[in-house]
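To keep things clear, I will list the structure first and then write my remarks on it.
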Amino acid sequence: MKTNRLYKPLAVIIIIFIVFMIISCAKDDTSVEYESISFVLDWTPNTNHTGIYVAIANGYYEEAGLDVKILNPPEAGAPAFVASGKAQFGVDFQESHGIGLSLPEPLPLTAVAAIISHNNSGIISLKERGINDFNELEGKVYGSWGVPAELAILEQTMADAGGDFSKLKVVEAPAAEPIQMIASGLVDAVWVYENVDVIEADILGVEYNFLRFADTSPVLDYYTPIIIANDDFLKDHPESAKKFMQATAAGYNFAIENAGEAAEILLEAVPELKAELIYKSQELLALTYAAEGGQWGAFDESRWNAFYDWMYGKGIIPSPLESKGFTNDFLEQVDLNNYKGVD
């Protein structure tokens, strides 16, 4: 009987231990099944893309239950890749997006966010060339990238400044970086983006003139670059799309508030980038990612339509695209300080 009394407490202890181990194992099983999302870039990584890298590094996508992979652009370009369903999201530009929407079989794509609130592209030239306004491009040599709508944009800005586009000599852009092109005298002027090439000119000590298209011709204050999404994905997985866009917005909001730290995150992810350029570019974009007092990513319908009306009037697209090709439905204001993913 003494033996039985000894075994009963021991049996209870063993049972309690087994139960405890089962509970502990259950608690330790924290594996989560994340939804895979692919995001394809338009070009090599740069500060246009910082919000995506921040959202990955800061765990915003993970908190939303997403596993986001950044892809380099294929030869056919990001729009074709996203339209084919090989990626759910990617980077494009409003001008090329409009052409894709105007094909006989329109690309099944929708713009879901504006990465930068205003068009910061324009023409750069050496200061010694004396191109202080677009009308002074007359008699000069312009290096063309052969981008759709490019020459129509130049013609518009020259005309608005009182110049004659027919007096501009257009040549194929040489195979060199924009600042190298103008510094070497290969061309007098070339199309650039302020947050990349103009900052590089500053770093190199090049004396230049930079003319923004939107400053002379307000209709050219279109959205470039933009985030595009596959239409089928938006239709079939609206909650996933919303989670992705809210986490992405958190990434860009972080970059707005913390330019230096955002630059460090991008450089850590892509260490081959030029650090000085990235820090200076990030400081500039912190002021221009979002519209004045507005929300990152949101499109202004009137500005969107004005540019496509212009494209139609110039014969660049065959039919009007009134209020087509974009949505603000997947964006909401994000409280960065309290961001814990999307329920």
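Chain labels follow the order of the structure tokens: the first chain is A, the next B, and so on; residue numbering restarts at 1 in every chain, and ligands are counted from 1 in their shown order.
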
Give me, as number ranges by chain, the residues of range 78-120 of chain A that a backbone DSSP run labels strand (DSSP E). A: 89-92, 109-114

Which polymer residues have any atom within 7 Å of an atom of range 302-317 of chain A, counting only C-alpha atoms, with same-chain residues fewer than 3 positions away left out, as a list in words?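 Selected residues are Ile99, Ser102, Ala149, Val219, Leu220, Tyr222, Pro320, Leu321, Glu322 and Ser323 of chain A.
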
I'd like to know which of A:Ser166, A:Ser217, A:Thr248, A:Asn209 is closest to Asn58 in chain A, using only C-alpha atoms.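 Closest to Asn58 in chain A, using only C-alpha atoms: A:Thr248.
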
Write out as a PyMOL selection string all residues of range 97-258 of chain A that backbone DSSP assigns to alpha helix (DSSP H). chain A and resi 97-101+150-160+178-184+199-204+213-216+231-236+238-257

Proximity to Asp133 in chain A - best of A:Ala250, A:Ala189, A:Ala78, A:Ala183, only C-alpha atoms: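 Under the stated criterion, the closest residue is A:Ala189.
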
Which residues, written as a ChimeraX atom specification, have at least one atom at most 8 Å from Ala113 in chain A, with only C-alpha atoms counted and residues fewer than 2 positions away on the same chain left out? /A:111,115,226-228,296-299,327-328,331

Report, in Å to a single decimal, how far apart CA of Asp197 in chain A and CA of Thr288 in chain A are.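 CA of Asp197 in chain A lies 16.3 Å from CA of Thr288 in chain A.
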
Just the residues within 12 Å of Leu204 in chain A, please, counting only C-alpha atoms, with nothing from its chain fewer than 3 positions along; format it as a ChimeraX atom specification. /A:179-180,183,197-201,207-208,276-277

Let me see the file: selected residues, N, CA and C atoms, as a PDB file, in the first residue's frame.
```
ATOM      1  N   ILE A 179      24.659  63.641 -66.938  1.00  0.00           N
ATOM      2  CA  ILE A 179      25.608  64.691 -66.584  1.00  0.00           C
ATOM      3  C   ILE A 179      26.883  64.539 -67.412  1.00  0.00           C
ATOM      4  N   GLN A 180      27.280  63.310 -67.678  1.00  0.00           N
ATOM      5  CA  GLN A 180      28.428  63.085 -68.549  1.00  0.00           C
ATOM      6  C   GLN A 180      28.158  63.614 -69.951  1.00  0.00           C
ATOM      7  N   ALA A 183      28.344  67.482 -69.856  1.00  0.00           N
ATOM      8  CA  ALA A 183      29.689  67.925 -69.480  1.00  0.00           C
ATOM      9  C   ALA A 183      30.697  67.682 -70.597  1.00  0.00           C
ATOM     10  N   ASP A 197      19.636  63.109 -61.073  1.00  0.00           N
ATOM     11  CA  ASP A 197      20.678  63.689 -61.916  1.00  0.00           C
ATOM     12  C   ASP A 197      21.074  65.098 -61.493  1.00  0.00           C
ATOM     13  N   VAL A 198      20.108  65.909 -61.069  1.00  0.00           N
ATOM     14  CA  VAL A 198      20.435  67.269 -60.647  1.00  0.00           C
ATOM     15  C   VAL A 198      21.285  67.231 -59.381  1.00  0.00           C
ATOM     16  N   ILE A 199      20.964  66.332 -58.478  1.00  0.00           N
ATOM     17  CA  ILE A 199      21.769  66.189 -57.264  1.00  0.00           C
ATOM     18  C   ILE A 199      23.169  65.693 -57.611  1.00  0.00           C
ATOM     19  N   GLU A 200      23.260  64.785 -58.571  1.00  0.00           N
ATOM     20  CA  GLU A 200      24.583  64.311 -58.992  1.00  0.00           C
ATOM     21  C   GLU A 200      25.409  65.464 -59.558  1.00  0.00           C
ATOM     22  N   ALA A 201      24.781  66.347 -60.338  1.00  0.00           N
ATOM     23  CA  ALA A 201      25.494  67.506 -60.875  1.00  0.00           C
ATOM     24  C   ALA A 201      26.019  68.387 -59.739  1.00  0.00           C
ATOM     25  N   GLU A 207      28.350  73.318 -63.018  1.00  0.00           N
ATOM     26  CA  GLU A 207      27.490  74.501 -63.061  1.00  0.00           C
ATOM     27  C   GLU A 207      26.461  74.297 -64.163  1.00  0.00           C
ATOM     28  N   TYR A 208      25.197  74.345 -63.793  1.00  0.00           N
ATOM     29  CA  TYR A 208      24.136  73.940 -64.712  1.00  0.00           C
ATOM     30  C   TYR A 208      22.920  74.843 -64.590  1.00  0.00           C
ATOM     31  N   GLU A 276      26.368  59.568 -50.836  1.00  0.00           N
ATOM     32  CA  GLU A 276      26.119  61.007 -50.763  1.00  0.00           C
ATOM     33  C   GLU A 276      24.890  61.384 -51.580  1.00  0.00           C
ATOM     34  N   LEU A 277      24.763  60.797 -52.765  1.00  0.00           N
ATOM     35  CA  LEU A 277      23.605  61.082 -53.608  1.00  0.00           C
ATOM     36  C   LEU A 277      22.320  60.626 -52.926  1.00  0.00           C
TER      37      LEU A 277
END
```

Suppose you want the space between CA of Glu136 in chain A and CA of Leu284 in chain A; what is it in Å?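 Computed distance, CA of Glu136 in chain A to CA of Leu284 in chain A, equals 27.5 Å.
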
In Å, rounded to a single decimal, give me how far CA of Ala262 in chain A is from CA of Ala241 in chain A. 23.5 Å

Point out the residue among A:Gln295, A:Asn258, A:Ser96, A:Ser281 with the least atom-to-atom distance to Ile203 in chain A, counting only C-alpha atoms.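 Using only C-alpha atoms, the shortest distance to Ile203 in chain A belongs to A:Ser281.
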
I need the residue nearest Glu332 in chain A from this list: A:Gly51, A:Gly294, A:Gly130, A:Pro79. Use only C-alpha atoms for the distance. A:Gly294

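Counting only C-alpha atoms, Lys167 in chain A has the following residues at most 10 Å away, ignoring those fewer than 6 positions along the same chain: Asn135, Glu136, Leu137, Glu138, Gly139, Lys140 and Val141 of chain A.
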
Could you tell me which of A:Met245, A:Ala76, A:Ile153, A:Leu126 comes closest to Asp221 in chain A if we count only C-alpha atoms?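 Looking at the shortest contact to Asp221 in chain A, the residue is A:Ile153.
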
Nearest residue to Ile37 in chain A out of A:Leu267, A:Ile52, A:Leu101, A:Ala286, using only C-alpha atoms?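 Looking only at the distances to Ile37 in chain A, the closest residue turns out to be A:Ile52.
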